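Colleague: Below is the file start.tsv, which contains TSV, C-alpha atoms.
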chain	number	residue	atom	x	y	z
A	1	MET	CA	0.00	0.00	0.00
A	2	ASP	CA	1.45	3.38	-1.00
A	3	GLU	CA	1.67	6.20	1.51
A	4	GLY	CA	-1.33	8.11	0.14
A	5	ARG	CA	-3.66	5.14	0.41
A	6	ALA	CA	-2.26	4.27	3.84
A	7	HIS	CA	-2.97	7.80	5.02
A	8	GLU	CA	-6.57	7.53	3.83
A	9	ALA	CA	-7.10	4.10	5.37
A	10	PHE	CA	-5.90	5.18	8.81
A	11	MET	CA	-7.79	8.47	8.58
A	12	ARG	CA	-11.00	6.61	7.77
A	13	ARG	CA	-10.50	4.66	10.98
A	14	ALA	CA	-10.06	7.95	12.86
A	15	LEU	CA	-13.36	9.18	11.38
A	16	GLU	CA	-15.10	5.94	12.41
A	17	LEU	CA	-13.86	6.38	15.97
A	18	ALA	CA	-14.91	10.02	16.02
A	19	ARG	CA	-18.52	9.08	15.16
A	20	LEU	CA	-18.76	7.13	18.41
A	21	GLY	CA	-19.04	10.43	20.29
A	22	ALA	CA	-22.02	11.70	18.29
A	23	GLY	CA	-24.48	13.48	20.58
A	24	TRP	CA	-22.25	13.24	23.63
A	25	THR	CA	-19.41	15.66	22.89
A	26	ARG	CA	-21.38	18.78	21.99
A	27	PRO	CA	-20.49	21.53	21.67
A	28	ASN	CA	-17.05	20.02	21.14
A	29	PRO	CA	-16.15	18.43	17.80
A	30	LEU	CA	-16.17	14.70	17.11
A	31	VAL	CA	-12.57	13.51	17.24
A	32	GLY	CA	-10.88	10.17	16.64
A	33	ALA	CA	-7.18	9.33	17.04
A	34	VAL	CA	-5.14	6.43	15.65
A	35	VAL	CA	-1.52	5.72	16.60
A	36	VAL	CA	0.39	3.83	13.90
A	37	ARG	CA	3.85	2.27	14.06
A	38	ASP	CA	5.51	0.40	11.20
A	39	GLY	CA	2.23	0.41	9.29
A	40	GLN	CA	0.25	-1.17	12.13
A	41	VAL	CA	-2.33	0.37	14.45
A	42	ILE	CA	-1.03	0.16	18.00
A	43	ALA	CA	-3.59	2.34	19.82
A	44	GLU	CA	-6.87	4.16	19.24
A	45	GLY	CA	-9.10	6.62	21.03
A	46	HIS	CA	-12.04	8.97	20.62
A	47	HIS	CA	-13.51	11.92	22.46
A	48	ALA	CA	-16.40	10.24	24.28
A	49	VAL	CA	-18.06	13.04	26.23
A	50	CYS	CA	-17.76	16.81	26.65
A	51	GLY	CA	-15.38	17.51	29.50
A	52	GLY	CA	-13.80	14.07	29.26
A	53	PRO	CA	-10.35	13.12	27.93
A	54	HIS	CA	-9.67	14.08	24.34
A	55	ALA	CA	-9.10	11.45	21.67
A	56	GLU	CA	-5.35	12.12	21.54
A	57	ALA	CA	-4.96	11.64	25.29
A	58	VAL	CA	-6.89	8.37	25.22
A	59	ALA	CA	-4.89	6.93	22.32
A	60	LEU	CA	-1.51	8.04	23.64
A	61	LEU	CA	-2.24	6.60	27.08
A	62	GLU	CA	-3.05	3.26	25.46
A	63	ALA	CA	0.11	3.39	23.32
A	64	GLY	CA	2.40	4.23	26.23
A	65	ASP	CA	6.11	4.06	25.37
A	66	ARG	CA	5.30	2.56	21.98
A	67	ALA	CA	4.16	6.02	20.85
A	68	ARG	CA	7.76	7.26	20.66
A	69	GLY	CA	8.67	7.57	16.99
A	70	ALA	CA	5.15	6.60	15.83
A	71	GLU	CA	2.58	8.43	13.70
A	72	LEU	CA	-0.68	9.94	14.95
A	73	TYR	CA	-3.78	10.31	12.76
A	74	LEU	CA	-6.40	12.92	13.75
A	75	ASN	CA	-9.51	14.08	11.92
A	76	ILE	CA	-9.02	17.61	13.32
A	77	GLU	CA	-5.89	19.40	14.48
A	78	PRO	CA	-4.93	19.02	18.16
A	79	CYS	CA	-5.91	21.71	20.62
A	80	VAL	CA	-3.69	24.27	22.30
A	81	GLU	CA	-3.96	26.25	25.51
A	82	PHE	CA	-6.42	29.17	25.43
A	83	PRO	CA	-8.44	31.14	28.04
A	84	GLY	CA	-11.30	29.14	29.54
A	85	LYS	CA	-10.06	25.77	28.29
A	86	ARG	CA	-11.01	22.97	30.72
A	87	THR	CA	-8.74	20.15	29.52
A	88	PRO	CA	-4.95	20.00	29.01
A	89	PRO	CA	-3.76	20.95	25.51
A	90	CYS	CA	-3.26	17.90	23.32
A	91	THR	CA	-0.25	19.39	21.56
A	92	ASN	CA	1.70	19.08	24.82
A	93	ALA	CA	0.66	15.44	25.23
A	94	ILE	CA	1.76	14.67	21.66
A	95	LEU	CA	5.19	16.22	22.24
A	96	ARG	CA	5.68	14.42	25.55
A	97	ALA	CA	4.76	11.10	23.95
A	98	GLY	CA	7.50	11.43	21.33
A	99	ILE	CA	5.23	11.18	18.28
A	100	GLN	CA	7.29	11.68	15.11
A	101	ARG	CA	4.63	12.61	12.56
A	102	VAL	CA	1.04	13.85	12.83
A	103	ILE	CA	-1.47	13.50	9.99
A	104	VAL	CA	-4.58	15.70	10.27
A	105	ALA	CA	-7.64	16.00	8.07
A	106	THR	CA	-8.65	19.59	8.85
A	107	LEU	CA	-7.68	22.58	10.90
A	108	ASP	CA	-9.87	23.49	13.85
A	109	PRO	CA	-12.22	26.40	12.93
A	110	ASN	CA	-12.24	27.55	16.55
A	111	PRO	CA	-10.49	30.95	16.37
A	112	HIS	CA	-8.67	30.12	19.61
A	113	VAL	CA	-7.04	27.12	17.92
A	114	SER	CA	-7.19	27.41	14.12
A	115	GLY	CA	-3.71	26.69	12.78
A	116	ARG	CA	-2.01	27.08	16.13
A	117	GLY	CA	-2.06	23.36	16.88
A	118	VAL	CA	-0.17	22.32	13.76
A	119	ALA	CA	2.13	25.34	14.06
A	120	ARG	CA	3.08	24.32	17.61
A	121	LEU	CA	3.96	20.81	16.44
A	122	ARG	CA	6.04	22.05	13.51
A	123	GLU	CA	7.89	24.50	15.73
A	124	ALA	CA	8.86	21.53	17.90
A	125	GLY	CA	10.27	19.70	14.89
A	126	LEU	CA	7.41	17.29	14.11
A	127	GLU	CA	6.34	16.58	10.56
A	128	VAL	CA	2.69	17.48	9.99
A	129	VAL	CA	0.62	16.33	7.00
A	130	GLU	CA	-2.64	18.20	6.39
A	131	GLY	CA	-5.74	17.65	4.27
A	132	VAL	CA	-6.16	13.86	4.26
A	133	LEU	CA	-9.90	13.17	3.68
A	134	ALA	CA	-10.59	16.82	4.50
A	135	ALA	CA	-14.04	16.92	2.86
A	136	GLU	CA	-15.21	13.86	4.80
A	137	ALA	CA	-13.84	15.31	8.03
A	138	ARG	CA	-15.60	18.64	7.53
A	139	ARG	CA	-18.88	16.87	6.77
A	140	LEU	CA	-18.56	14.76	9.93
A	141	ASN	CA	-18.16	17.90	12.03
A	142	GLU	CA	-20.55	20.11	10.06
A	143	VAL	CA	-22.41	21.01	13.24
A	144	PHE	CA	-19.26	22.15	15.04
A	145	PHE	CA	-17.88	23.99	12.02
A	146	HIS	CA	-21.11	26.00	11.76
A	147	TRP	CA	-21.72	26.66	15.45
A	148	ILE	CA	-18.19	27.70	16.39
A	149	ARG	CA	-18.25	30.37	13.68
A	150	GLU	CA	-21.85	31.58	13.75
A	151	ARG	CA	-22.89	30.78	17.34
A	152	THR	CA	-26.32	29.76	16.09
A	153	PRO	CA	-27.55	26.17	15.81
A	154	PHE	CA	-26.95	24.05	12.73
A	155	VAL	CA	-30.53	23.45	11.54
A	156	VAL	CA	-31.68	20.11	10.11
A	157	LEU	CA	-35.20	19.80	8.71
A	158	LYS	CA	-36.56	16.26	9.10
A	159	LEU	CA	-39.83	15.23	7.45
A	160	ALA	CA	-41.48	11.82	7.03
A	161	MET	CA	-43.89	11.52	4.11
A	162	SER	CA	-45.59	9.34	1.53
A	163	LEU	CA	-44.28	9.08	-2.03
A	164	ASP	CA	-46.72	11.80	-3.02
A	165	GLY	CA	-45.29	14.16	-0.43
A	166	LYS	CA	-47.98	13.99	2.27
A	167	ILE	CA	-47.23	13.98	6.00
A	168	ALA	CA	-50.83	13.27	7.06
A	169	THR	CA	-54.14	12.26	5.53
A	170	SER	CA	-57.05	14.61	4.94
A	171	THR	CA	-58.33	13.58	8.39
A	172	GLY	CA	-55.01	14.59	9.97
A	173	ARG	CA	-53.83	11.06	10.74
A	174	SER	CA	-50.10	10.40	10.35
A	175	ARG	CA	-49.31	7.28	12.40
A	176	TRP	CA	-47.56	5.55	10.92
A	177	ILE	CA	-46.44	6.62	7.46
A	178	THR	CA	-42.84	5.44	7.65
A	179	GLY	CA	-41.65	2.09	8.98
A	180	PRO	CA	-40.04	1.13	12.31
A	181	GLU	CA	-36.50	1.37	10.93
A	182	SER	CA	-37.04	4.98	9.91
A	183	ARG	CA	-38.62	5.82	13.26
A	184	ARG	CA	-35.63	4.30	15.05
A	185	LEU	CA	-33.28	6.41	12.94
A	186	VAL	CA	-35.28	9.52	13.86
A	187	HIS	CA	-34.61	8.75	17.51
A	188	ALA	CA	-30.91	8.49	16.67
A	189	LEU	CA	-31.13	11.93	15.04
A	190	ARG	CA	-32.75	13.33	18.17
A	191	ALA	CA	-29.85	11.98	20.19
A	192	ARG	CA	-27.34	13.40	17.70
A	193	TYR	CA	-28.67	16.98	17.71
A	194	GLY	CA	-28.95	19.26	20.71
A	195	ALA	CA	-32.57	20.34	20.34
A	196	VAL	CA	-35.72	19.19	18.55
A	197	LEU	CA	-38.49	21.58	17.46
A	198	VAL	CA	-42.12	21.29	16.39
A	199	GLY	CA	-44.96	23.71	15.99
A	200	VAL	CA	-47.89	23.74	18.38
A	201	GLY	CA	-50.06	22.29	15.61
A	202	THR	CA	-48.03	19.08	15.77
A	203	VAL	CA	-48.45	19.01	19.54
A	204	LEU	CA	-52.21	19.37	19.23
A	205	ALA	CA	-52.50	16.79	16.44
A	206	ASP	CA	-50.01	14.11	17.55
A	207	ASP	CA	-49.15	14.87	21.19
A	208	PRO	CA	-45.53	13.69	20.81
A	209	GLU	CA	-43.05	13.32	23.67
A	210	LEU	CA	-40.04	14.21	21.49
A	211	THR	CA	-37.77	12.01	23.58
A	212	VAL	CA	-35.05	9.52	22.63
A	213	ARG	CA	-36.20	5.91	22.67
A	214	ASP	CA	-34.96	2.63	21.19
A	215	VAL	CA	-31.40	3.99	20.93
A	216	GLU	CA	-28.80	5.20	23.41
A	217	GLY	CA	-28.17	8.91	23.52
A	218	PRO	CA	-28.74	12.11	25.46
A	219	PRO	CA	-32.22	13.68	25.39
A	220	PRO	CA	-32.49	16.85	23.29
A	221	LEU	CA	-33.90	20.14	24.43
A	222	ARG	CA	-37.56	20.09	23.31
A	223	VAL	CA	-38.73	23.32	21.64
A	224	VAL	CA	-42.33	24.15	20.75
A	225	LEU	CA	-43.31	27.15	18.61
A	226	ASP	CA	-46.52	28.52	20.12
A	227	SER	CA	-47.05	32.20	19.32
A	228	GLN	CA	-50.55	32.39	20.90
A	229	GLY	CA	-50.30	30.03	23.86
A	230	ARG	CA	-52.41	27.16	22.53
A	231	MET	CA	-50.37	24.32	24.01
A	232	PRO	CA	-52.30	22.45	26.72
A	233	PRO	CA	-50.50	22.02	30.06
A	234	GLU	CA	-51.16	18.27	29.90
A	235	ALA	CA	-49.21	17.84	26.62
A	236	ARG	CA	-46.81	14.91	26.65
A	237	VAL	CA	-43.97	17.13	25.44
A	238	LEU	CA	-43.93	18.47	29.02
A	239	SER	CA	-43.26	15.00	30.46
A	240	PRO	CA	-40.21	14.51	32.73
A	241	GLY	CA	-36.92	13.34	31.36
A	242	ALA	CA	-36.00	16.27	29.15
A	243	ARG	CA	-36.16	20.04	29.30
A	244	THR	CA	-38.93	21.78	27.33
A	245	LEU	CA	-38.81	25.31	25.97
A	246	VAL	CA	-41.91	27.07	24.66
A	247	ALA	CA	-41.09	29.88	22.24
A	248	THR	CA	-43.91	32.40	22.15
A	249	THR	CA	-44.75	36.06	21.70
A	250	GLY	CA	-46.58	38.71	23.68
A	251	ARG	CA	-49.84	37.12	22.51
A	252	MET	CA	-49.60	34.22	24.97
A	253	PRO	CA	-51.94	34.84	27.94
A	254	ALA	CA	-50.13	35.23	31.25
A	255	GLY	CA	-52.31	32.49	32.75
A	256	ARG	CA	-51.21	29.96	30.14
A	257	GLU	CA	-47.58	30.91	30.68
A	258	GLY	CA	-48.00	30.24	34.39
A	259	GLU	CA	-49.56	26.83	33.72
A	260	LEU	CA	-46.72	25.80	31.42
A	261	CYS	CA	-44.08	27.00	33.85
A	262	ALA	CA	-45.80	25.05	36.61
A	263	ARG	CA	-45.28	21.92	34.47
A	264	GLY	CA	-41.56	22.70	34.30
A	265	ALA	CA	-41.38	24.41	30.92
A	266	ASP	CA	-39.22	27.43	30.17
A	267	VAL	CA	-41.18	30.10	28.32
A	268	TRP	CA	-39.38	32.56	26.07
A	269	ARG	CA	-41.37	35.59	24.95
A	270	LEU	CA	-39.68	36.62	21.71
A	271	PRO	CA	-40.28	39.35	19.14
A	272	SER	CA	-42.87	38.51	16.52
A	273	GLN	CA	-42.73	38.67	12.76
A	274	ASN	CA	-46.01	38.47	10.87
A	275	ASP	CA	-47.69	37.47	14.16
A	276	GLN	CA	-45.35	34.48	14.51
A	277	VAL	CA	-42.23	33.91	16.59
A	278	ASP	CA	-39.23	35.62	15.03
A	279	LEU	CA	-37.20	32.56	14.04
A	280	ARG	CA	-33.92	34.41	13.62
A	281	GLU	CA	-34.17	35.73	17.16
A	282	LEU	CA	-35.07	32.25	18.38
A	283	LEU	CA	-31.99	30.78	16.70
A	284	ARG	CA	-29.81	33.52	18.15
A	285	ARG	CA	-31.03	32.69	21.64
A	286	LEU	CA	-30.80	28.95	21.07
A	287	GLY	CA	-27.19	29.35	20.00
A	288	GLU	CA	-26.43	30.17	23.63
A	289	GLU	CA	-27.99	26.84	24.65
A	290	THR	CA	-27.05	24.32	21.97
A	291	ASP	CA	-25.11	23.77	18.77
A	292	SER	CA	-27.83	22.13	16.66
A	293	LEU	CA	-31.57	21.96	16.05
A	294	LEU	CA	-33.66	19.19	14.48
A	295	VAL	CA	-36.87	20.67	13.08
A	296	GLU	CA	-39.54	17.96	12.83
A	297	GLY	CA	-42.42	20.02	11.43
A	298	GLY	CA	-45.18	20.41	10.76
A	299	SER	CA	-45.87	21.62	7.30
A	300	GLU	CA	-46.11	25.36	8.01
A	301	VAL	CA	-43.08	25.29	10.29
A	302	ALA	CA	-41.07	23.58	7.55
A	303	TRP	CA	-41.73	26.44	5.13
A	304	ALA	CA	-41.19	29.05	7.84
A	305	PHE	CA	-37.62	27.75	8.22
A	306	LEU	CA	-36.98	27.01	4.54
A	307	SER	CA	-38.23	30.23	2.96
A	308	PRO	CA	-35.77	32.61	4.69
A	309	GLY	CA	-32.86	30.19	4.24
A	310	LEU	CA	-32.59	29.04	7.87
A	311	VAL	CA	-32.20	25.32	7.08
A	312	HIS	CA	-28.70	23.93	6.60
A	313	LYS	CA	-29.51	20.26	5.95
A	314	LEU	CA	-32.51	18.18	4.89
A	315	ALA	CA	-33.45	14.66	6.03
A	316	PHE	CA	-36.57	13.56	4.15
A	317	PHE	CA	-37.95	10.06	4.75
A	318	TYR	CA	-40.15	8.66	1.97
A	319	ALA	CA	-42.41	5.66	2.57
A	320	PRO	CA	-43.56	3.45	-0.35
A	321	LEU	CA	-47.22	4.45	-0.15
A	322	ILE	CA	-49.53	7.04	-1.65
A	323	LEU	CA	-52.07	8.94	0.46
A	324	GLY	CA	-53.62	11.24	-2.14
A	325	GLY	CA	-56.33	13.74	-1.25
A	326	ARG	CA	-56.63	17.44	-1.99
A	327	GLU	CA	-56.96	18.15	1.71
A	328	ALA	CA	-54.11	15.86	2.78
A	329	ILE	CA	-51.30	17.78	4.47
A	330	PRO	CA	-48.24	18.40	2.28
A	331	ALA	CA	-44.74	18.00	3.70
A	332	VAL	CA	-43.99	21.67	3.10
A	333	GLY	CA	-46.77	24.23	3.35
A	334	GLY	CA	-46.66	28.00	3.35
A	335	GLU	CA	-47.00	30.15	0.26
A	336	GLY	CA	-44.34	28.35	-1.70
A	337	VAL	CA	-42.77	29.88	-4.80
A	338	ALA	CA	-44.56	31.38	-7.77
A	339	ASP	CA	-42.20	29.99	-10.40
A	340	PRO	CA	-39.99	26.85	-10.52
A	341	ALA	CA	-37.07	29.16	-11.25
A	342	GLU	CA	-37.45	30.46	-7.69
A	343	ALA	CA	-37.37	26.97	-6.14
A	344	ILE	CA	-34.96	26.14	-3.36
A	345	ARG	CA	-32.26	24.03	-4.97
A	346	VAL	CA	-30.69	21.14	-3.06
A	347	ARG	CA	-27.07	20.05	-3.50
A	348	ASP	CA	-25.00	17.03	-2.44
A	349	VAL	CA	-28.06	14.79	-2.43
A	350	THR	CA	-27.71	11.23	-1.13
A	351	ILE	CA	-30.30	8.44	-1.08
A	352	GLU	CA	-30.23	5.41	1.21
A	353	HIS	CA	-32.55	2.54	2.05
A	354	VAL	CA	-33.97	2.50	5.58
A	355	GLY	CA	-36.02	-0.66	5.82
A	356	ALA	CA	-38.75	-0.30	3.19
A	357	ASP	CA	-38.33	3.49	3.16
A	358	HIS	CA	-35.83	5.83	1.52
A	359	LEU	CA	-33.96	8.62	3.27
A	360	ILE	CA	-32.94	11.55	1.09
A	361	THR	CA	-30.46	13.98	2.56
A	362	GLY	CA	-29.13	17.16	1.01
A	363	TYR	CA	-28.18	20.75	1.59
A	364	PRO	CA	-30.42	23.65	0.50
A	365	THR	CA	-28.63	26.21	-1.61
A	366	PRO	CA	-28.57	29.54	0.26
A	367	GLN	CA	-31.25	31.85	-1.04
A	368	SER	CA	-30.73	35.54	-1.71
A	369	SER	CA	-33.59	36.31	0.68
A	370	GLY	CA	-31.74	34.57	3.52
Take the structure in this file and express it as structure tokens.
Modeller:
Amino acid sequence: MDEGRAHEAFMRRALELARLGAGWTRPNPLVGAVVVRDGQVIAEGHHAVCGGPHAEAVALLEAGDRARGAELYLNIEPCVEFPGKRTPPCTNAILRAGIQRVIVATLDPNPHVSGRGVARLREAGLEVVEGVLAAEARRLNEVFFHWIRERTPFVVLKLAMSLDGKIATSTGRSRWITGPESRRLVHALRARYGAVLVGVGTVLADDPELTVRDVEGPPPLRVVLDSQGRMPPEARVLSPGARTLVATTGRMPAGREGELCARGADVWRLPSQNDQVDLRELLRRLGEETDSLLVEGGSEVAWAFLSPGLVHKLAFFYAPLILGGREAIPAVGGEGVADPAEAIRVRDVTIEHVGADHLITGYPTPQSSG
């Protein structure tokens, strides 16, 4: 195996290890580390939980004295000391261990680190190779790369629909359109992202809990858009086990706010736009709480996020069935566009089987109105 292919093979292993921390490390990036000597992996590690040991520290501890003269593969450059940092800088650990060469996929976009980690290693005489599987590494940490720069959540719009694009029948029934494998994956997405959001219409129609079940993972912050205060205090989304935030406006009656707070909800009164919660202000506030947001609908909420360009990624589940009906609820509501030329274009589309369903993911092209 030539050196280029060897670099890619070991970096792919680092990316696999990094994925093991999904949902647990936020707002830190997902990081995997592989120590290689004489073409053989001698130690591995990943960042398992925010505040815990970094991937480099875990792998170097496992390698022990064997790390001297070895190579270290990382999907993101090692950290350095900066104000407020809670864990020891990994560059120091790498130098103490006697690593000879470090191969990294990407630089860290954190302005406290960016470029300083690899510079510190080079200043100490280590060889550093950059850019191995860089695109894959950036995609893996797309949440971190967005949040650390913008300080607003990375927004994923998830919808589950029939082949004809309906999320509920004309009678409002939606359980179940997609199969159990898709529903299990949705729970994995909830564990992956820091918050999950629905509109109050979804609460009234489906009464969801919005918790993580069937998979291991931390519960997300549950967010409900309710500009008028229609959410009943007995809604299941207020059940114990996860924090619930109700985003509203000055139109919510004070009595309803008191009832929701008594059930443990946090109520944010935000500015309104067209009599609805100002979503940009909501995202600004949420950026202080979490790095990512999974928007699960409904139809009007989907368009409210899509039309101003607030969605960064799409996850659309299609079930092999047709609902039909003029009054059936479409996946995306709102006013829509007047001409196909104005449509929101989607790039980097991928399609995968999930049981009998198909999951289509992609990235909306930024709109000029956003």
Colleague: Using only C-alpha atoms, which residue out of A:Pro78, A:Gly241, A:Pro232, A:Pro320 lies closest to A:Pro109?
Modeller: A:Pro78
Colleague: Closest to A:Arg256 among A:Leu163, A:Val295, A:Met231, A:Leu17, using all atoms listed in the file?
Modeller: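 Between A:Leu163, A:Val295, A:Met231, A:Leu17, the residue approaching A:Arg256 most closely is A:Met231.
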Colleague: Just how far from atom CA of A:Val354 is atom CA of A:Ser182, in Å to one decimal?
Modeller: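 These two atoms are separated by 5.9 Å.
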Colleague: Quick one: everything within 10 Å of A:Ile167, counting all atoms listed in the file, minus sequence neighbours fewer than 2 positions away in the same chain. Send it as a VMD selection string.
Modeller: chain A and resid 159 to 165 169 to 170 172 to 178 297 to 299 318 323 328 to 332
Colleague: Quick one: distance from atom CA of A:Ser114 to atom CA of A:Met11 in Å, one decimal?
Modeller: 19.7 Å
Colleague: Write out as a count of residues only which residues come within 7 Å of A:Glu130 when counting only C-alpha atoms, dropping same-chain ones fewer than 3 positions away.
Modeller: 4
Colleague: What's around A:Val267 at 12 Å? Count all atoms listed in the file, leave out sequence neighbours fewer than 5 positions away in its own chain, and write the answer as a PyMOL selection string.
Modeller: chain A and resi 222-227+229+231+238+243-250+252-254+256-262+282
Colleague: In Å, with one decimal, what is the gap from atom CA of A:Pro89 to atom CA of A:Ile148?
Modeller: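 According to the coordinates, atom CA of A:Pro89 and atom CA of A:Ile148 are separated by 18.4 Å.
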Colleague: Hey, could you make a per-residue contact list for stretch 148-210 of chain A against stretch 309-316 of chain A with 7 Å as the cut-off, showing the nearest pair of atoms and its distance in Å to one decimal, counting all atoms listed in the file, sorted by chain and number, as JSON lines?
Modeller:
{"residue": "A:Phe154", "atom": "CA", "partner": "A:His312", "partner_atom": "CA", "distance": 6.4}
{"residue": "A:Val155", "atom": "CA", "partner": "A:Val311", "partner_atom": "CA", "distance": 5.1}
{"residue": "A:Val156", "atom": "CA", "partner": "A:Lys313", "partner_atom": "CA", "distance": 4.7}
{"residue": "A:Leu157", "atom": "CA", "partner": "A:Leu314", "partner_atom": "CA", "distance": 4.9}
{"residue": "A:Lys158", "atom": "CA", "partner": "A:Ala315", "partner_atom": "CA", "distance": 4.7}
{"residue": "A:Leu159", "atom": "CA", "partner": "A:Phe316", "partner_atom": "CA", "distance": 4.9}
{"residue": "A:Ala160", "atom": "CA", "partner": "A:Phe316", "partner_atom": "CA", "distance": 6.0}
Colleague: Do you know which residues are at most 12 Å from A:Arg149 counting only C-alpha atoms, after dropping those on the same chain fewer than 6 positions away, and could you put them as an NGL selection string?
Modeller: :A and (108-112 or 114 or 142-143 or 287 or 291)
Colleague: Could you give me, as a ChimeraX atom specification, the residues that have an atom at most 9 Å away from the point (-49.6, 17.4, 14.4) in the coordinates of the file, using all atoms listed in the file?
Modeller: /A:168,172-174,198-208,297-298
